[in-house]
Every structure is written in C-alpha cells, then in structure tokens.
>>> print(open('upload-v4.json').read())   # JSON, C-alpha atoms
[["chain", "number", "residue", "atom", "x", "y", "z"],
["A", 1, "MET", "CA", 160.72, 116.31, 46.81],
["A", 2, "LYS", "CA", 162.17, 115.88, 50.24],
["A", 3, "TYR", "CA", 160.12, 113.02, 51.64],
["A", 4, "HIS", "CA", 161.79, 113.17, 55.03],
["A", 5, "TYR", "CA", 159.79, 116.33, 55.83],
["A", 6, "LEU", "CA", 156.60, 114.34, 55.26],
["A", 7, "ILE", "CA", 157.86, 111.47, 57.43],
["A", 8, "ILE", "CA", 158.90, 113.90, 60.18],
["A", 9, "ALA", "CA", 155.52, 115.66, 59.95],
["A", 10, "ILE", "CA", 153.68, 112.34, 60.26],
["A", 11, "ILE", "CA", 155.72, 111.35, 63.32],
["A", 12, "VAL", "CA", 155.11, 114.74, 64.96],
["A", 13, "PHE", "CA", 151.43, 114.64, 64.00],
["A", 14, "ILE", "CA", 151.01, 111.22, 65.64],
["A", 15, "GLY", "CA", 152.53, 112.53, 68.87],
["A", 16, "ALA", "CA", 150.45, 115.70, 68.76],
["A", 17, "PHE", "CA", 147.28, 113.75, 67.97],
["A", 18, "LEU", "CA", 147.78, 111.32, 70.87],
["A", 19, "GLY", "CA", 148.47, 114.15, 73.31],
["A", 20, "SER", "CA", 145.57, 116.23, 72.05],
["A", 21, "ASN", "CA", 143.19, 113.27, 72.20],
["A", 22, "ILE", "CA", 143.89, 112.55, 75.88],
["A", 23, "THR", "CA", 143.69, 116.27, 76.66],
["A", 24, "THR", "CA", 140.27, 116.77, 75.06],
["A", 25, "GLN", "CA", 138.91, 113.66, 76.80],
["A", 26, "ASN", "CA", 139.77, 115.18, 80.18],
["A", 27, "LEU", "CA", 138.75, 118.80, 79.81],
["A", 28, "ASP", "CA", 135.95, 118.34, 82.36],
["A", 29, "TRP", "CA", 138.58, 117.53, 85.00],
["A", 30, "TYR", "CA", 140.72, 120.48, 83.90],
["A", 31, "ASP", "CA", 137.73, 122.86, 83.99],
["A", 32, "GLY", "CA", 137.00, 121.70, 87.55],
["A", 33, "ILE", "CA", 140.43, 122.44, 89.07],
["A", 34, "LYS", "CA", 141.77, 125.77, 90.31],
["A", 35, "LEU", "CA", 143.87, 127.59, 87.72],
["A", 36, "PRO", "CA", 146.03, 130.70, 88.07],
["A", 37, "GLN", "CA", 144.35, 133.84, 86.78],
["A", 38, "TRP", "CA", 147.06, 134.19, 84.15],
["A", 39, "THR", "CA", 146.32, 130.77, 82.59],
["A", 40, "PRO", "CA", 146.07, 131.22, 78.81],
["A", 41, "ASP", "CA", 142.81, 130.38, 77.09],
["A", 42, "GLY", "CA", 142.66, 126.94, 75.50],
["A", 43, "SER", "CA", 142.58, 128.44, 72.01],
["A", 44, "ILE", "CA", 145.86, 130.27, 72.69],
["A", 45, "ILE", "CA", 147.42, 127.05, 73.97],
["A", 46, "SER", "CA", 146.27, 125.21, 70.83],
["A", 47, "ILE", "CA", 147.70, 127.90, 68.54],
["A", 48, "ALA", "CA", 150.99, 127.92, 70.46],
["A", 49, "TRP", "CA", 151.37, 124.14, 70.16],
["A", 50, "THR", "CA", 150.46, 124.16, 66.47],
["A", 51, "ILE", "CA", 153.18, 126.74, 65.80],
["A", 52, "ILE", "CA", 155.66, 124.84, 67.97],
["A", 53, "PHE", "CA", 154.99, 121.56, 66.17],
["A", 54, "ILE", "CA", 155.44, 123.23, 62.76],
["A", 55, "LEU", "CA", 158.73, 124.77, 63.92],
["A", 56, "LEU", "CA", 159.82, 121.39, 65.30],
["A", 57, "ILE", "CA", 159.14, 119.72, 61.94],
["A", 58, "LEU", "CA", 161.11, 122.42, 60.11],
["A", 59, "SER", "CA", 163.97, 122.28, 62.59],
["A", 60, "ILE", "CA", 164.44, 118.53, 62.40],
["A", 61, "GLY", "CA", 163.99, 118.61, 58.61],
["A", 62, "ILE", "CA", 166.68, 121.25, 58.18],
["A", 63, "TYR", "CA", 168.98, 119.34, 60.50],
["A", 64, "TYR", "CA", 168.32, 116.14, 58.54],
["A", 65, "ASP", "CA", 169.23, 117.94, 55.30],
["A", 66, "ARG", "CA", 172.49, 119.42, 56.55],
["A", 67, "ALA", "CA", 173.96, 117.01, 59.09],
["A", 68, "PHE", "CA", 176.65, 114.46, 58.41],
["A", 69, "ARG", "CA", 175.44, 110.91, 58.92],
["A", 70, "ASN", "CA", 177.54, 110.13, 61.97],
["A", 71, "LYS", "CA", 176.90, 109.05, 65.57],
["A", 72, "LYS", "CA", 175.80, 112.55, 66.55],
["A", 73, "PHE", "CA", 173.26, 112.62, 63.72],
["A", 74, "TYR", "CA", 171.60, 109.42, 64.90],
["A", 75, "PHE", "CA", 171.79, 110.53, 68.53],
["A", 76, "VAL", "CA", 169.95, 113.77, 67.64],
["A", 77, "LEU", "CA", 167.25, 111.81, 65.79],
["A", 78, "ILE", "CA", 166.82, 109.48, 68.79],
["A", 79, "LEU", "CA", 166.69, 112.50, 71.12],
["A", 80, "PHE", "CA", 164.04, 114.03, 68.87],
["A", 81, "ILE", "CA", 161.92, 110.86, 69.23],
["A", 82, "ILE", "CA", 162.48, 110.81, 73.01],
["A", 83, "ASN", "CA", 161.47, 114.47, 73.17],
["A", 84, "LEU", "CA", 158.28, 113.77, 71.24],
["A", 85, "ILE", "CA", 157.46, 110.80, 73.49],
["A", 86, "LEU", "CA", 158.00, 113.00, 76.56],
["A", 87, "ASN", "CA", 155.80, 115.69, 75.04],
["A", 88, "THR", "CA", 152.99, 113.21, 74.46],
["A", 89, "SER", "CA", 153.50, 111.51, 77.84],
["A", 90, "TRP", "CA", 152.97, 114.81, 79.62],
["A", 91, "SER", "CA", 149.36, 114.91, 78.43],
["A", 92, "TYR", "CA", 148.80, 111.43, 79.82],
["A", 93, "LEU", "CA", 150.35, 112.29, 83.19],
["A", 94, "PHE", "CA", 148.61, 115.65, 83.58],
["A", 95, "PHE", "CA", 145.26, 115.20, 81.86],
["A", 96, "GLY", "CA", 144.87, 111.43, 81.76],
["A", 97, "PHE", "CA", 146.08, 110.41, 85.21],
["A", 98, "HIS", "CA", 145.81, 113.83, 86.93],
["A", 99, "LEU", "CA", 149.36, 113.43, 88.26],
["A", 100, "VAL", "CA", 150.22, 117.13, 88.27],
["A", 101, "GLY", "CA", 153.36, 116.70, 90.41],
["A", 102, "ALA", "CA", 154.73, 113.91, 88.21],
["A", 103, "SER", "CA", 153.90, 115.92, 85.10],
["A", 104, "ILE", "CA", 156.05, 118.79, 86.41],
["A", 105, "LEU", "CA", 159.04, 116.49, 86.84],
["A", 106, "GLU", "CA", 158.42, 115.08, 83.37],
["A", 107, "MET", "CA", 158.27, 118.62, 81.96],
["A", 108, "ILE", "CA", 161.66, 119.40, 83.45],
["A", 109, "ILE", "CA", 163.08, 116.40, 81.56],
["A", 110, "LEU", "CA", 161.24, 117.56, 78.42],
["A", 111, "GLU", "CA", 162.83, 120.99, 78.81],
["A", 112, "ILE", "CA", 166.28, 119.45, 79.23],
["A", 113, "THR", "CA", 165.87, 117.38, 76.06],
["A", 114, "THR", "CA", 164.65, 120.45, 74.16],
["A", 115, "ILE", "CA", 167.66, 122.49, 75.28],
["A", 116, "CYS", "CA", 169.95, 119.58, 74.38],
["A", 117, "LEU", "CA", 168.42, 119.51, 70.88],
["A", 118, "ILE", "CA", 169.02, 123.25, 70.54],
["A", 119, "ILE", "CA", 172.66, 122.87, 71.58],
["A", 120, "LEU", "CA", 173.34, 119.77, 69.48],
["A", 121, "ILE", "CA", 171.69, 121.13, 66.34],
["A", 122, "ARG", "CA", 173.29, 124.59, 66.48],
["A", 123, "PRO", "CA", 176.71, 123.65, 65.00],
["A", 124, "THR", "CA", 174.95, 122.14, 61.97],
["A", 125, "SER", "CA", 172.31, 124.83, 61.49],
["A", 126, "ARG", "CA", 171.83, 127.98, 63.52],
["A", 127, "LEU", "CA", 168.37, 128.41, 61.96],
["A", 128, "ALA", "CA", 167.27, 124.87, 62.89],
["A", 129, "SER", "CA", 168.45, 125.52, 66.43],
["A", 130, "MET", "CA", 166.67, 128.86, 66.68],
["A", 131, "LEU", "CA", 163.41, 127.34, 65.45],
["A", 132, "LEU", "CA", 163.33, 125.39, 68.73],
["A", 133, "TYR", "CA", 163.60, 128.48, 70.96],
["A", 134, "PRO", "CA", 159.80, 129.02, 71.13],
["A", 135, "TYR", "CA", 159.42, 125.36, 72.12],
["A", 136, "ALA", "CA", 161.89, 125.73, 75.00],
["A", 137, "ILE", "CA", 160.29, 128.99, 76.13],
["A", 138, "TRP", "CA", 156.78, 127.52, 76.00],
["A", 139, "VAL", "CA", 157.76, 124.38, 77.92],
["A", 140, "GLY", "CA", 159.39, 126.58, 80.57],
["A", 141, "PHE", "CA", 156.22, 128.66, 80.80],
["A", 142, "ALA", "CA", 154.03, 125.54, 80.91],
["A", 143, "THR", "CA", 156.18, 124.09, 83.69],
["A", 144, "ILE", "CA", 155.68, 127.23, 85.79],
["A", 145, "LEU", "CA", 151.95, 127.10, 85.03],
["A", 146, "ALA", "CA", 151.72, 123.43, 86.04],
["A", 147, "TYR", "CA", 153.63, 124.16, 89.25],
["A", 148, "ASN", "CA", 151.15, 126.91, 90.12],
["A", 149, "ILE", "CA", 148.26, 124.57, 89.34],
["A", 150, "PHE", "CA", 149.86, 122.01, 91.64],
["A", 151, "LEU", "CA", 150.12, 124.60, 94.45],
["A", 152, "LEU", "CA", 146.52, 125.75, 93.99],
["A", 153, "ASN", "CA", 145.12, 122.20, 94.07],
["A", 154, "THR", "CA", 147.06, 120.54, 96.91]]
>>> encode(input="upload-v4.json", output="structure tokens")
Amino acid sequence: MKYHYLIIAIIVFIGAFLGSNITTQNLDWYDGIKLPQWTPDGSIISIAWTIIFILLILSIGIYYDRAFRNKKFYFVLILFIINLILNTSWSYLFFGFHLVGASILEMIILEITTICLIILIRPTSRLASMLLYPYAIWVGFATILAYNIFLLNT
C-alpha cells in the first residue's frame, strides 16, 4: 500500500477541516452581506471544494510516486504545504475576520502558487498537473466572486 496517499489525504483533510470550520461558524455574517446574483449555492461550493481536494490529493500523490528526490521535489512539496496554508488562511480572512479586500489579495497569491504547482509538476506527470486545473479555475472564479462581493459591500 502507498501510505503517502493517506498522509497527503490527512494533511489536506486537516486544512479543509480548519477552513470549513471557520466558514460554518460565520455563515450568519455571510448570509447578511450583499452577494452577486450569480453566487453559487453553498452546496455547489461544498461539492466543488470536495472534488478539488480529492484531485489535489491525487495530484500530489502521483507526483510523489514519480518525481526524483531532488531539490525540485522538496520545493514542490513545500509549495504544496504553502498552498494548503493559503487555502485555509483565506477562510480565516474572509469568513473569520471579514477582511474581504485582504482575502482577495491572498487569493491572488493562492492562484499563483496553484499555477506554479501546475507548471512544476507537469514535466514529471502531465496527469498530476492536469488534475490541478479545476483548482486553478475555481480559485480564479472565487477571486472574481470575492471582488464583486467587496464592491457590493463597500
């Protein structure tokens, strides 16, 4: 058995759990702000993130299986951790502290790290790289959504 998939899943689950926990604690605030009409329903957002986290686990697992253990390998793993921390931190900025503007800037950095992962992983595994495309697309969409929320509420 490939135990690294389990370890990766646990790490991703911890990040997802922390972000989800702060989000659910602040849904009253979110329900009270102005949202664009095209804001997806919460259930759609939950499904999207679940799929993204599964794809992220698979992507990093495949990369871990196929990559040479060199400086780039360890850099990608560190970038993966940074990306997950940024992902979780967004929930704290947006939902926890209601810092919509700061959360947008943080999302831009999250998007950059996601694109960097896609580029860095691609030479090792095209599949692992492609599994991150939905993540990058969703973060881009969420950034636009957050920007519109910022405009509607300032």
>>> closest_residue(input="upload-v4.json", among="A:Thr114, A:Ser46, A:Ser91, A:Gln37", to="Val76 of chain A", atoms="all atoms listed in the file")
A:Thr114
>>> residues_around(input="upload-v4.json", residues="segment 54-61 of chain A", least_positions_apart="4", cutoff="12 Å", atoms="all atoms listed in the file", output="PyMOL selection string")
chain A and resi 2-13+15-16+47-50+65-67+73-74+76-81+83-84+87+114+117-118+120-122+124-136
>>> closest_residue(input="upload-v4.json", among="A:Tyr64, A:Phe150, A:Trp90, A:Trp138", to="Leu18 of chain A", atoms="only C-alpha atoms")
A:Trp90
>>> residues_around(input="upload-v4.json", residues="Leu27 of chain A", least_positions_apart="5", cutoff="12 Å", atoms="only C-alpha atoms", output="list of chain:residue names")
A:Ser20, A:Asn21, A:Ile22, A:Gly32, A:Ile33, A:Gly42, A:Ser91, A:Phe94, A:Phe95, A:Gly96, A:His98
>>> closest_residue(input="upload-v4.json", among="A:Ile51, A:Val100, A:Ile44, A:Leu93", to="Leu152 of chain A", atoms="only C-alpha atoms")
A:Val100
>>> atom_distance(input="upload-v4.json", atom1="atom CA of Asn148 of chain A", atom2="atom CA of Thr24 of chain A")
21.2 Å
>>> atom_distance(input="upload-v4.json", atom1="atom CA of Ile149 of chain A", atom2="atom CA of Phe17 of chain A")
24.0 Å
>>> atom_distance(input="upload-v4.json", atom1="atom CA of Arg69 of chain A", atom2="atom CA of Ile119 of chain A")
17.6 Å
>>> closest_residue(input="upload-v4.json", among="A:Ile85, A:Ile45, A:Leu105, A:Ile115", to="Ile137 of chain A", atoms="all atoms listed in the file")
A:Ile115
>>> closest_residue(input="upload-v4.json", among="A:Met107, A:Pro123, A:Pro36, A:Ile112", to="Phe68 of chain A", atoms="all atoms listed in the file")
A:Pro123
>>> closest_residue(input="upload-v4.json", among="A:Glu106, A:Ser43, A:Thr154, A:Lys34", to="Tyr92 of chain A", atoms="only C-alpha atoms")
A:Glu106
